[in-house]
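One file, start.pdb, is given below (PDB, C-alpha atoms and all ligand atoms).
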ATOM      1  CA  MET A   1     -11.536  14.846 -21.232  1.00  0.00           C
ATOM      2  CA  PRO A   2      -9.117  17.525 -20.011  1.00  0.00           C
ATOM      3  CA  PRO A   3      -8.419  20.417 -22.430  1.00  0.00           C
ATOM      4  CA  GLU A   4      -5.358  20.587 -24.638  1.00  0.00           C
ATOM      5  CA  MET A   5      -2.002  20.817 -22.949  1.00  0.00           C
ATOM      6  CA  ARG A   6       1.678  20.713 -23.855  1.00  0.00           C
ATOM      7  CA  THR A   7       2.937  17.232 -24.641  1.00  0.00           C
ATOM      8  CA  ASP A   8       5.669  17.437 -21.997  1.00  0.00           C
ATOM      9  CA  ALA A   9       3.059  18.518 -19.422  1.00  0.00           C
ATOM     10  CA  LEU A  10       0.803  15.622 -20.437  1.00  0.00           C
ATOM     11  CA  LEU A  11       3.557  13.033 -20.087  1.00  0.00           C
ATOM     12  CA  SER A  12       4.458  14.212 -16.608  1.00  0.00           C
ATOM     13  CA  ARG A  13       0.810  14.816 -15.500  1.00  0.00           C
ATOM     14  CA  TYR A  14      -0.040  11.175 -16.222  1.00  0.00           C
ATOM     15  CA  GLY A  15       3.198   9.758 -14.813  1.00  0.00           C
ATOM     16  CA  TYR A  16       4.845   8.545 -18.026  1.00  0.00           C
ATOM     17  CA  CYS A  17       8.097  10.500 -17.649  1.00  0.00           C
ATOM     18  CA  SER A  18       9.506  13.759 -16.330  1.00  0.00           C
ATOM     19  CA  ARG A  19       9.522  16.871 -18.489  1.00  0.00           C
ATOM     20  CA  ARG A  20      13.289  16.418 -18.828  1.00  0.00           C
ATOM     21  CA  GLU A  21      12.840  12.901 -20.206  1.00  0.00           C
ATOM     22  CA  THR A  22      10.228  14.009 -22.749  1.00  0.00           C
ATOM     23  CA  ALA A  23      12.716  14.684 -25.544  1.00  0.00           C
ATOM     24  CA  ALA A  24      13.962  11.069 -25.470  1.00  0.00           C
ATOM     25  CA  TRP A  25      10.390   9.708 -25.466  1.00  0.00           C
ATOM     26  CA  LEU A  26       9.442  11.880 -28.425  1.00  0.00           C
ATOM     27  CA  ALA A  27      12.650  11.133 -30.349  1.00  0.00           C
ATOM     28  CA  ALA A  28      11.820   7.424 -29.989  1.00  0.00           C
ATOM     29  CA  GLY A  29       8.404   8.070 -31.564  1.00  0.00           C
ATOM     30  CA  ARG A  30       6.545   6.818 -28.474  1.00  0.00           C
ATOM     31  CA  VAL A  31       3.901   9.549 -28.561  1.00  0.00           C
ATOM     32  CA  THR A  32       1.449  10.194 -31.387  1.00  0.00           C
ATOM     33  CA  CYS A  33      -1.366  12.699 -31.803  1.00  0.00           C
ATOM     34  CA  LYS A  34      -4.060  11.762 -34.333  1.00  0.00           C
ATOM     35  CA  GLY A  35      -1.636   9.169 -35.669  1.00  0.00           C
ATOM     36  CA  ILE A  36       1.306  11.523 -36.222  1.00  0.00           C
ATOM     37  CA  ALA A  37       4.414  11.315 -34.030  1.00  0.00           C
ATOM     38  CA  VAL A  38       4.818  14.334 -31.776  1.00  0.00           C
ATOM     39  CA  ARG A  39       8.398  15.600 -31.978  1.00  0.00           C
ATOM     40  CA  ASN A  40       8.354  18.696 -29.787  1.00  0.00           C
ATOM     41  CA  GLY A  41       7.395  18.681 -26.108  1.00  0.00           C
ATOM     42  CA  LYS A  42       5.969  22.194 -26.426  1.00  0.00           C
ATOM     43  CA  GLU A  43       3.394  21.021 -28.989  1.00  0.00           C
ATOM     44  CA  LYS A  44      -0.143  21.304 -27.595  1.00  0.00           C
ATOM     45  CA  VAL A  45      -2.308  18.184 -27.847  1.00  0.00           C
ATOM     46  CA  GLU A  46      -5.757  17.051 -26.714  1.00  0.00           C
ATOM     47  CA  PRO A  47      -5.294  14.047 -24.372  1.00  0.00           C
ATOM     48  CA  ALA A  48      -8.131  12.283 -26.218  1.00  0.00           C
ATOM     49  CA  ASP A  49      -6.078  12.356 -29.451  1.00  0.00           C
ATOM     50  CA  VAL A  50      -2.867  10.997 -27.937  1.00  0.00           C
ATOM     51  CA  LEU A  51      -1.465   7.472 -27.894  1.00  0.00           C
ATOM     52  CA  VAL A  52       1.581   6.631 -25.769  1.00  0.00           C
ATOM     53  CA  ASP A  53       3.332   3.460 -26.868  1.00  0.00           C
ATOM     54  CA  GLY A  54       0.224   2.793 -28.953  1.00  0.00           C
ATOM     55  CA  ALA A  55      -2.245   3.002 -26.035  1.00  0.00           C
ATOM     56  CA  PRO A  56      -4.660   5.799 -25.030  1.00  0.00           C
ATOM     57  CA  VAL A  57      -3.599   8.019 -22.131  1.00  0.00           C
ATOM     58  CA  GLU A  58      -4.281   6.018 -18.990  1.00  0.00           C
ATOM     59  CA  PHE A  59      -7.090   7.353 -16.767  1.00  0.00           C
ATOM     60  CA  ALA A  60      -7.031  10.652 -18.661  1.00  0.00           C
ATOM     61  CA  ASP A  61     -10.248  11.755 -16.910  1.00  0.00           C
ATOM     62  CA  GLY A  62      -8.911  10.954 -13.447  1.00  0.00           C
ATOM     63  CA  LEU A  63      -7.929   7.756 -11.724  1.00  0.00           C
ATOM     64  CA  TYR A  64     -10.673   5.948  -9.765  1.00  0.00           C
ATOM     65  CA  VAL A  65      -9.732   2.501  -8.545  1.00  0.00           C
ATOM     66  CA  ALA A  66     -10.982  -0.064  -6.022  1.00  0.00           C
ATOM     67  CA  LEU A  67      -8.354  -2.203  -4.284  1.00  0.00           C
ATOM     68  CA  ASN A  68      -8.939  -5.297  -2.196  1.00  0.00           C
ATOM     69  CA  LYS A  69      -6.516  -4.262   0.533  1.00  0.00           C
ATOM     70  CA  PRO A  70      -4.660  -7.217   2.019  1.00  0.00           C
ATOM     71  CA  LEU A  71      -3.785  -7.440   5.705  1.00  0.00           C
ATOM     72  CA  GLY A  72      -0.419  -6.075   6.771  1.00  0.00           C
ATOM     73  CA  CYS A  73       0.013  -3.064   4.493  1.00  0.00           C
ATOM     74  CA  THR A  74      -0.353   0.562   5.510  1.00  0.00           C
ATOM     75  CA  CYS A  75      -2.367   3.375   3.885  1.00  0.00           C
ATOM     76  CA  SER A  76       0.560   5.788   3.927  1.00  0.00           C
ATOM     77  CA  HIS A  77       3.090   7.158   1.466  1.00  0.00           C
ATOM     78  CA  ARG A  78       5.847   7.326   4.028  1.00  0.00           C
ATOM     79  CA  GLU A  79       5.816   4.600   6.678  1.00  0.00           C
ATOM     80  CA  ASP A  80       8.200   1.667   7.010  1.00  0.00           C
ATOM     81  CA  GLY A  81       6.987  -1.747   5.902  1.00  0.00           C
ATOM     82  CA  GLU A  82       4.614  -2.649   3.101  1.00  0.00           C
ATOM     83  CA  LEU A  83       2.409   0.156   1.782  1.00  0.00           C
ATOM     84  CA  VAL A  84      -0.806  -0.088  -0.242  1.00  0.00           C
ATOM     85  CA  TYR A  85       0.970   1.990  -2.886  1.00  0.00           C
ATOM     86  CA  ASP A  86       3.492  -0.849  -3.395  1.00  0.00           C
ATOM     87  CA  LEU A  87       0.591  -2.823  -4.894  1.00  0.00           C
ATOM     88  CA  LEU A  88      -0.045  -0.282  -7.682  1.00  0.00           C
ATOM     89  CA  PRO A  89       1.704   0.299 -11.012  1.00  0.00           C
ATOM     90  CA  GLU A  90       4.671   2.640 -10.454  1.00  0.00           C
ATOM     91  CA  ARG A  91       3.479   5.020 -13.133  1.00  0.00           C
ATOM     92  CA  TRP A  92       0.421   5.917 -11.059  1.00  0.00           C
ATOM     93  CA  LEU A  93       2.651   7.114  -8.262  1.00  0.00           C
ATOM     94  CA  ARG A  94       4.346   9.600 -10.588  1.00  0.00           C
ATOM     95  CA  ARG A  95       1.031  11.224 -11.576  1.00  0.00           C
ATOM     96  CA  ASN A  96       0.520  14.861 -10.635  1.00  0.00           C
ATOM     97  CA  PRO A  97      -1.898  15.433  -8.888  1.00  0.00           C
ATOM     98  CA  GLY A  98      -0.848  12.322  -7.004  1.00  0.00           C
ATOM     99  CA  VAL A  99      -2.831   9.195  -6.202  1.00  0.00           C
ATOM    100  CA  ASN A 100      -4.137   8.845  -2.632  1.00  0.00           C
ATOM    101  CA  THR A 101      -6.367   6.502  -0.705  1.00  0.00           C
ATOM    102  CA  VAL A 102      -9.929   7.695  -0.055  1.00  0.00           C
ATOM    103  CA  GLY A 103      -9.806   7.566   3.741  1.00  0.00           C
ATOM    104  CA  ARG A 104      -7.788   4.804   5.336  1.00  0.00           C
ATOM    105  CA  LEU A 105      -8.008   1.260   6.589  1.00  0.00           C
ATOM    106  CA  ASP A 106      -5.796   0.111   9.467  1.00  0.00           C
ATOM    107  CA  LYS A 107      -2.767  -2.030   8.714  1.00  0.00           C
ATOM    108  CA  GLU A 108      -4.630  -5.061  10.127  1.00  0.00           C
ATOM    109  CA  THR A 109      -7.926  -4.348   8.314  1.00  0.00           C
ATOM    110  CA  SER A 110      -8.520  -5.820   4.863  1.00  0.00           C
ATOM    111  CA  GLY A 111     -11.094  -5.152   2.177  1.00  0.00           C
ATOM    112  CA  LEU A 112     -12.491  -2.422  -0.024  1.00  0.00           C
ATOM    113  CA  LEU A 113     -10.282   0.643  -0.370  1.00  0.00           C
ATOM    114  CA  LEU A 114     -10.659   3.346  -3.012  1.00  0.00           C
ATOM    115  CA  LEU A 115      -7.803   5.297  -4.567  1.00  0.00           C
ATOM    116  CA  THR A 116      -7.977   8.432  -6.670  1.00  0.00           C
ATOM    117  CA  ASP A 117      -6.062  11.439  -7.980  1.00  0.00           C
ATOM    118  CA  ASP A 118      -9.244  13.551  -7.755  1.00  0.00           C
ATOM    119  CA  GLY A 119      -9.262  15.603  -4.549  1.00  0.00           C
ATOM    120  CA  THR A 120     -12.918  16.599  -4.975  1.00  0.00           C
ATOM    121  CA  PHE A 121     -13.987  12.964  -5.250  1.00  0.00           C
ATOM    122  CA  GLU A 122     -11.899  12.069  -2.207  1.00  0.00           C
ATOM    123  CA  HIS A 123     -13.476  14.876  -0.193  1.00  0.00           C
ATOM    124  CA  ARG A 124     -16.992  13.940  -1.312  1.00  0.00           C
ATOM    125  CA  LEU A 125     -16.556  10.383  -0.024  1.00  0.00           C
ATOM    126  CA  THR A 126     -14.781  11.198   3.220  1.00  0.00           C
ATOM    127  CA  SER A 127     -16.554  14.385   4.306  1.00  0.00           C
ATOM    128  CA  PRO A 128     -18.419  13.734   7.578  1.00  0.00           C
ATOM    129  CA  LYS A 129     -21.305  15.774   6.151  1.00  0.00           C
ATOM    130  CA  LYS A 130     -21.940  13.290   3.337  1.00  0.00           C
ATOM    131  CA  HIS A 131     -22.463  10.224   5.543  1.00  0.00           C
ATOM    132  CA  VAL A 132     -21.537   7.717   2.805  1.00  0.00           C
ATOM    133  CA  PRO A 133     -22.350   4.350   4.459  1.00  0.00           C
ATOM    134  CA  LYS A 134     -19.536   1.845   4.882  1.00  0.00           C
ATOM    135  CA  VAL A 135     -20.188  -1.783   5.731  1.00  0.00           C
ATOM    136  CA  TYR A 136     -17.689  -3.913   7.644  1.00  0.00           C
ATOM    137  CA  ARG A 137     -17.447  -7.507   8.834  1.00  0.00           C
ATOM    138  CA  PHE A 138     -15.763  -8.251  12.133  1.00  0.00           C
ATOM    139  CA  VAL A 139     -14.869 -11.156  14.380  1.00  0.00           C
ATOM    140  CA  THR A 140     -14.369 -10.547  18.108  1.00  0.00           C
ATOM    141  CA  SER A 141     -12.530 -12.521  20.782  1.00  0.00           C
ATOM    142  CA  ALA A 142     -15.484 -12.233  23.206  1.00  0.00           C
ATOM    143  CA  PRO A 143     -19.248 -12.272  22.520  1.00  0.00           C
ATOM    144  CA  VAL A 144     -20.792  -8.941  21.582  1.00  0.00           C
ATOM    145  CA  PRO A 145     -23.486  -8.110  24.167  1.00  0.00           C
ATOM    146  CA  GLU A 146     -26.981  -8.543  22.746  1.00  0.00           C
ATOM    147  CA  SER A 147     -27.697  -4.998  23.900  1.00  0.00           C
ATOM    148  CA  ALA A 148     -24.990  -3.543  21.595  1.00  0.00           C
ATOM    149  CA  PRO A 149     -27.161  -2.908  18.484  1.00  0.00           C
ATOM    150  CA  ALA A 150     -29.705  -0.941  20.540  1.00  0.00           C
ATOM    151  CA  LEU A 151     -26.970   0.923  22.412  1.00  0.00           C
ATOM    152  CA  PHE A 152     -25.242   1.907  19.155  1.00  0.00           C
ATOM    153  CA  ALA A 153     -28.597   2.909  17.610  1.00  0.00           C
ATOM    154  CA  GLU A 154     -29.209   5.406  20.445  1.00  0.00           C
ATOM    155  CA  GLY A 155     -26.406   7.565  19.040  1.00  0.00           C
ATOM    156  CA  THR A 156     -25.063   8.325  22.513  1.00  0.00           C
ATOM    157  CA  LEU A 157     -21.863   6.242  22.514  1.00  0.00           C
ATOM    158  CA  MET A 158     -18.895   8.498  23.303  1.00  0.00           C
ATOM    159  CA  LEU A 159     -15.463   7.150  22.431  1.00  0.00           C
ATOM    160  CA  GLU A 160     -12.452   8.213  24.464  1.00  0.00           C
ATOM    161  CA  SER A 161     -11.004  11.599  23.457  1.00  0.00           C
ATOM    162  CA  GLU A 162     -13.928  12.351  21.094  1.00  0.00           C
ATOM    163  CA  LYS A 163     -16.062  15.474  21.509  1.00  0.00           C
ATOM    164  CA  THR A 164     -19.284  14.172  19.959  1.00  0.00           C
ATOM    165  CA  PRO A 165     -21.044  10.798  20.200  1.00  0.00           C
ATOM    166  CA  CYS A 166     -20.822   8.345  17.309  1.00  0.00           C
ATOM    167  CA  LEU A 167     -23.483   8.679  14.645  1.00  0.00           C
ATOM    168  CA  PRO A 168     -25.692   5.612  15.126  1.00  0.00           C
ATOM    169  CA  PRO A 169     -24.371   2.673  13.104  1.00  0.00           C
ATOM    170  CA  GLU A 170     -26.629  -0.243  12.249  1.00  0.00           C
ATOM    171  CA  LEU A 171     -25.262  -3.487  13.641  1.00  0.00           C
ATOM    172  CA  ALA A 172     -26.231  -6.962  12.456  1.00  0.00           C
ATOM    173  CA  LEU A 173     -25.054  -9.806  14.722  1.00  0.00           C
ATOM    174  CA  PRO A 174     -25.174 -13.087  12.790  1.00  0.00           C
ATOM    175  CA  ALA A 175     -23.204 -14.884  15.554  1.00  0.00           C
ATOM    176  CA  PRO A 176     -22.123 -14.058  19.151  1.00  0.00           C
ATOM    177  CA  CYS A 177     -18.568 -13.173  18.052  1.00  0.00           C
ATOM    178  CA  ALA A 178     -19.264 -11.835  14.548  1.00  0.00           C
ATOM    179  CA  GLY A 179     -21.035  -8.786  13.212  1.00  0.00           C
ATOM    180  CA  GLU A 180     -21.670  -6.472  10.279  1.00  0.00           C
ATOM    181  CA  PRO A 181     -21.817  -2.813  11.234  1.00  0.00           C
ATOM    182  CA  THR A 182     -22.797  -0.075   8.774  1.00  0.00           C
ATOM    183  CA  LEU A 183     -21.077   3.185   9.677  1.00  0.00           C
ATOM    184  CA  HIS A 184     -22.059   6.635   8.453  1.00  0.00           C
ATOM    185  CA  GLU A 185     -18.808   8.355   9.376  1.00  0.00           C
ATOM    186  CA  GLY A 186     -15.148   7.388   9.524  1.00  0.00           C
ATOM    187  CA  ARG A 187     -13.468   8.081  12.843  1.00  0.00           C
ATOM    188  CA  TYR A 188     -10.040   6.753  13.715  1.00  0.00           C
ATOM    189  CA  HIS A 189     -10.203   2.954  14.362  1.00  0.00           C
ATOM    190  CA  GLN A 190     -13.934   3.410  14.807  1.00  0.00           C
ATOM    191  CA  VAL A 191     -15.136  -0.187  14.552  1.00  0.00           C
ATOM    192  CA  ARG A 192     -12.419  -1.486  16.857  1.00  0.00           C
ATOM    193  CA  ARG A 193     -13.033   1.277  19.394  1.00  0.00           C
ATOM    194  CA  MET A 194     -16.818   0.852  19.394  1.00  0.00           C
ATOM    195  CA  LEU A 195     -16.576  -2.888  19.947  1.00  0.00           C
ATOM    196  CA  ALA A 196     -13.879  -2.457  22.599  1.00  0.00           C
ATOM    197  CA  ALA A 197     -16.271  -0.059  24.377  1.00  0.00           C
ATOM    198  CA  VAL A 198     -18.785  -2.923  24.776  1.00  0.00           C
ATOM    199  CA  GLY A 199     -16.127  -5.428  25.890  1.00  0.00           C
ATOM    200  CA  ALA A 200     -15.695  -7.288  22.596  1.00  0.00           C
ATOM    201  CA  PRO A 201     -12.192  -6.768  21.151  1.00  0.00           C
ATOM    202  CA  VAL A 202     -12.059  -7.063  17.351  1.00  0.00           C
ATOM    203  CA  ILE A 203      -9.607  -9.677  16.096  1.00  0.00           C
ATOM    204  CA  GLU A 204     -10.562  -9.622  12.404  1.00  0.00           C
ATOM    205  CA  LEU A 205     -11.933  -6.708  10.367  1.00  0.00           C
ATOM    206  CA  GLU A 206     -12.783  -6.363   6.692  1.00  0.00           C
ATOM    207  CA  ARG A 207     -14.582  -3.592   4.780  1.00  0.00           C
ATOM    208  CA  LEU A 208     -17.274  -5.065   2.549  1.00  0.00           C
ATOM    209  CA  ALA A 209     -18.861  -2.016   0.919  1.00  0.00           C
ATOM    210  CA  ILE A 210     -18.693   1.747   0.434  1.00  0.00           C
ATOM    211  CA  GLY A 211     -22.020   3.241  -0.610  1.00  0.00           C
ATOM    212  CA  PRO A 212     -23.347   1.163  -3.503  1.00  0.00           C
ATOM    213  CA  LEU A 213     -19.961  -0.460  -4.259  1.00  0.00           C
ATOM    214  CA  ARG A 214     -19.622  -3.980  -2.838  1.00  0.00           C
ATOM    215  CA  LEU A 215     -16.315  -5.833  -2.702  1.00  0.00           C
ATOM    216  CA  ALA A 216     -18.085  -9.131  -3.403  1.00  0.00           C
ATOM    217  CA  ASP A 217     -19.232  -7.830  -6.817  1.00  0.00           C
ATOM    218  CA  LEU A 218     -15.698  -6.915  -7.925  1.00  0.00           C
ATOM    219  CA  ASN A 219     -14.058 -10.363  -7.904  1.00  0.00           C
ATOM    220  CA  LEU A 220     -10.768  -9.040  -6.583  1.00  0.00           C
ATOM    221  CA  ALA A 221      -8.306 -11.304  -4.783  1.00  0.00           C
ATOM    222  CA  PRO A 222      -6.395  -9.580  -1.943  1.00  0.00           C
ATOM    223  CA  GLY A 223      -3.930  -7.131  -3.516  1.00  0.00           C
ATOM    224  CA  GLU A 224      -5.860  -6.852  -6.794  1.00  0.00           C
ATOM    225  CA  TRP A 225      -7.473  -3.651  -8.062  1.00  0.00           C
ATOM    226  CA  CYS A 226      -9.913  -2.588 -10.786  1.00  0.00           C
ATOM    227  CA  ALA A 227     -11.131   0.696 -12.260  1.00  0.00           C
ATOM    228  CA  ILE A 228     -14.496   1.934 -11.005  1.00  0.00           C
ATOM    229  CA  ASP A 229     -17.066   4.437 -12.237  1.00  0.00           C
ATOM    230  CA  PRO A 230     -16.895   7.524  -9.974  1.00  0.00           C
ATOM    231  CA  HIS A 231     -20.499   8.414 -10.874  1.00  0.00           C
ATOM    232  CA  LEU A 232     -21.620   5.468  -8.753  1.00  0.00           C
ATOM    233  CA  PHE A 233     -21.221   7.870  -5.830  1.00  0.00           C
ATOM    234  CA  ASP A 234     -23.144  10.819  -7.305  1.00  0.00           C
ATOM    235  CA  ASN A 235     -25.762  12.298  -4.907  1.00  0.00           C
TER     236      ASN A 235
HETATM  237  N1  LIG A 301     -12.681   0.928  11.758  1.00  0.00           N
HETATM  238  C1  LIG A 301     -11.539   0.409  12.264  1.00  0.00           C
HETATM  239  O1  LIG A 301     -11.438   0.161  13.463  1.00  0.00           O
HETATM  240  N2  LIG A 301     -10.534   0.183  11.409  1.00  0.00           N
HETATM  241  C2  LIG A 301     -10.598   0.435  10.078  1.00  0.00           C
HETATM  242  O2  LIG A 301      -9.641   0.194   9.352  1.00  0.00           O
HETATM  243  C3  LIG A 301     -11.798   0.968   9.593  1.00  0.00           C
HETATM  244  C4  LIG A 301     -12.826   1.205  10.446  1.00  0.00           C
END

For this file, produce the structure as structure tokens.
Amino acid sequence: MPPEMRTDALLSRYGYCSRRETAAWLAAGRVTCKGIAVRNGKEKVEPADVLVDGAPVEFADGLYVALNKPLGCTCSHREDGELVYDLLPERWLRRNPGVNTVGRLDKETSGLLLLTDDGTFEHRLTSPKKHVPKVYRFVTSAPVPESAPALFAEGTLMLESEKTPCLPPELALPAPCAGEPTLHEGRYHQVRRMLAAVGAPVIELERLAIGPLRLADLNLAPGEWCAIDPHLFDN
């Protein structure tokens, strides 16, 4: 748990209200520490001892969430149209540090997407040096050449405007127009670009797993989220 902090700082850190609004929250008795109402925003409290509206501080140790990203929404805070952040409770978006996606999925890609307010966690999962494997499922509009898995495994495939070849992904091909690649890096539109490079445009793409976390084990309908244990990704 984080160390003690001022009550007004706690309420704004975890997105409950602004520092200016703290006085009204405290006057209404909405915040208690060890069962006693806190009346002054300057009072220092341990987050573990605090209840807000009768509930423990939400994600006091950091927010780590898996979302089943639906098609059609964008992993951005600022673009027009539907955003993944529109699917989350508004309070999360007022947290400071803020909540961000761990890497991105394209607007027309669905599936497992992680969100966090922990920059170190985000870096650990997205850093090219860490090679956290990510598994996808795709459907193409033309058959994937049978030679594609071996070609990808060579580690020589250069995508346009890239300076280094793609790290070799494993590619399972359960059907001529369907596959499950496991990638060890996360370049821009990587799955679509790799399949386009072998003449098989992707028309459907879903992320099934990140490291040990599998979407199928989470029972999330598109647009639903759940908390996850960040230690799953230790090592
Ligand atoms: N590769 C893609 O082409 N798109 C994604 O969203 C993720 C990986």

Kindly provide the residues of chain A that approach ligand LIG 301 (chain A) to within 6 Å, each paired with its closest atom pair and their distance in Å to one decimal, based on all atoms listed in the file, listed by chain and increasing number, as a Markdown table.
| residue | atom | partner | partner_atom | distance |
| --- | --- | --- | --- | --- |
| A:Leu105 | CA | A:LIG301 | O2 | 3.4 |
| A:Asp106 | CA | A:LIG301 | O2 | 3.8 |
| A:Thr109 | CA | A:LIG301 | O2 | 5.0 |
| A:His189 | CA | A:LIG301 | O1 | 3.2 |
| A:Gln190 | CA | A:LIG301 | N1 | 4.1 |
| A:Val191 | CA | A:LIG301 | O1 | 3.9 |
| A:Arg192 | CA | A:LIG301 | O1 | 3.9 |

Original post:
Could you name the residues that touch region 44-53 of chain A at 7 Å or less, counting all atoms listed in the file, but leaving out those on the same chain fewer than 2 positions away, as a list in words?
Top reply: Met1, Pro2, Pro3, Glu4, Met5, Arg6, Thr7, Arg30, Val31, Thr32, Cys33, Lys34, Lys42, Ala55, Pro56, Val57 and Ala60 of chain A

**OP:** Starting from the displayed file, determine the output of the PyMOL selection byres (((chain A and resi 74) around 10) and not hetatm) and express the residue list as an MDAnalysis selection string.
**Re:** chainID A and resid 69:73 75:86 104:109

Mind dumping the selected residues with C-alpha atoms as an mmCIF file, in the coordinates of the input?
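Output (out.cif):
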data_model
loop_
_atom_site.group_PDB
_atom_site.id
_atom_site.type_symbol
_atom_site.label_atom_id
_atom_site.label_comp_id
_atom_site.auth_asym_id
_atom_site.auth_seq_id
_atom_site.Cartn_x
_atom_site.Cartn_y
_atom_site.Cartn_z
ATOM 1 C CA LYS A 69 -6.516 -4.262 0.533
ATOM 2 C CA PRO A 70 -4.660 -7.217 2.019
ATOM 3 C CA LEU A 71 -3.785 -7.440 5.705
ATOM 4 C CA GLY A 72 -0.419 -6.075 6.771
ATOM 5 C CA CYS A 73 0.013 -3.064 4.493
ATOM 6 C CA CYS A 75 -2.367 3.375 3.885
ATOM 7 C CA SER A 76 0.560 5.788 3.927
ATOM 8 C CA HIS A 77 3.090 7.158 1.466
ATOM 9 C CA ARG A 78 5.847 7.326 4.028
ATOM 10 C CA GLU A 79 5.816 4.600 6.678
ATOM 11 C CA ASP A 80 8.200 1.667 7.010
ATOM 12 C CA GLY A 81 6.987 -1.747 5.902
ATOM 13 C CA GLU A 82 4.614 -2.649 3.101
ATOM 14 C CA LEU A 83 2.409 0.156 1.782
ATOM 15 C CA VAL A 84 -0.806 -0.088 -0.242
ATOM 16 C CA TYR A 85 0.970 1.990 -2.886
ATOM 17 C CA ASP A 86 3.492 -0.849 -3.395
ATOM 18 C CA ARG A 104 -7.788 4.804 5.336
ATOM 19 C CA LEU A 105 -8.008 1.260 6.589
ATOM 20 C CA ASP A 106 -5.796 0.111 9.467
ATOM 21 C CA LYS A 107 -2.767 -2.030 8.714
ATOM 22 C CA GLU A 108 -4.630 -5.061 10.127
ATOM 23 C CA THR A 109 -7.926 -4.348 8.314
#

Subject >> Atomic separation - CA of Leu220 (chain A) relative to CA of Arg207 (chain A), Å >> reply: 13.2 Å

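Selection by the PyMOL selection byres (((chain A and resi 231) around 12) and not hetatm) on the present file picks out A:Tyr64, A:Phe121, A:Arg124, A:Leu125, A:Gly211, A:Pro212, A:Leu213, A:Ile228, A:Asp229, A:Pro230, A:Leu232, A:Phe233, A:Asp234, A:Asn235.
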
How big is the axis-aligned box, and where does its centre sit, when it encloses all atoms of region 161-177 of chain A listed in the file and has 5 Å added on every side, reported in Å to one decimal as lines of an AutoDock Vina configuration file?
center_x = -18.8
center_y = 0.3
center_z = 17.9
size_x = 25.6
size_y = 40.4
size_z = 21.2

**OP:** Just the residues within 10 Å of Glu154 (chain A), please, counting only C-alpha atoms, with nothing from its chain fewer than 3 positions along; format it as a PyMOL selection string.
**Re:** chain A and resi 148-151+157+165-169

Subject >> Interatomic distance (Å, one decimal) between CA of Ala175 (chain A) and CA of Leu218 (chain A) >> reply: 25.9 Å

Original post:
So which residues touch Asn96 (chain A) within 8 Å, counting all atoms listed in the file, skipping near sequence neighbours fewer than 2 positions away, as a list of chain:residue names?
Top reply: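 Answer for this query is A:Ser12, A:Arg13, A:Tyr14, A:Gly15, A:Arg94, A:Gly98, A:Val99, A:Asp117.
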
Subject >> d(CA of Trp225 (chain A), CA of Ala172 (chain A)) in Å >> reply: 28.0 Å

**OP:** Starting from the shown file, work through the PyMOL selection byres (((chain A and resi 180) around 7) and not hetatm) and note down what comes out as a PyMOL selection string.
**Re:** chain A and resi 135-138+171-173+179+181-182

**OP:** Rank A:Ser141, A:Thr116, A:Asn40, A:Ser110 by their smallest atom-to-atom distance to Arg95 (chain A), using only C-alpha atoms, and report the top residue only.
**Re:** A:Thr116

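Minimum distance to Ala209 (chain A) across A:Asn68, A:Thr120, A:Ser127, A:Ser18 (counting all atoms listed in the file) occurs at A:Asn68.
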
Subject >> Shell around region 195-197 of chain A at 8 Å using only C-alpha atoms, local window under 5 positions removed, as a ChimeraX atom specification >> reply: /A:144,159,202

**OP:** Could you check which of A:Leu183, A:Ala24, A:Ala200, A:Val102 is closest to Ala66 (chain A), using only C-alpha atoms?
**Re:** A:Val102

Subject >> Pick from A:Glu146, A:Leu26, A:Tyr16, A:Pro222 nearest to Leu87 (chain A), counting all atoms listed in the file >> reply: A:Pro222
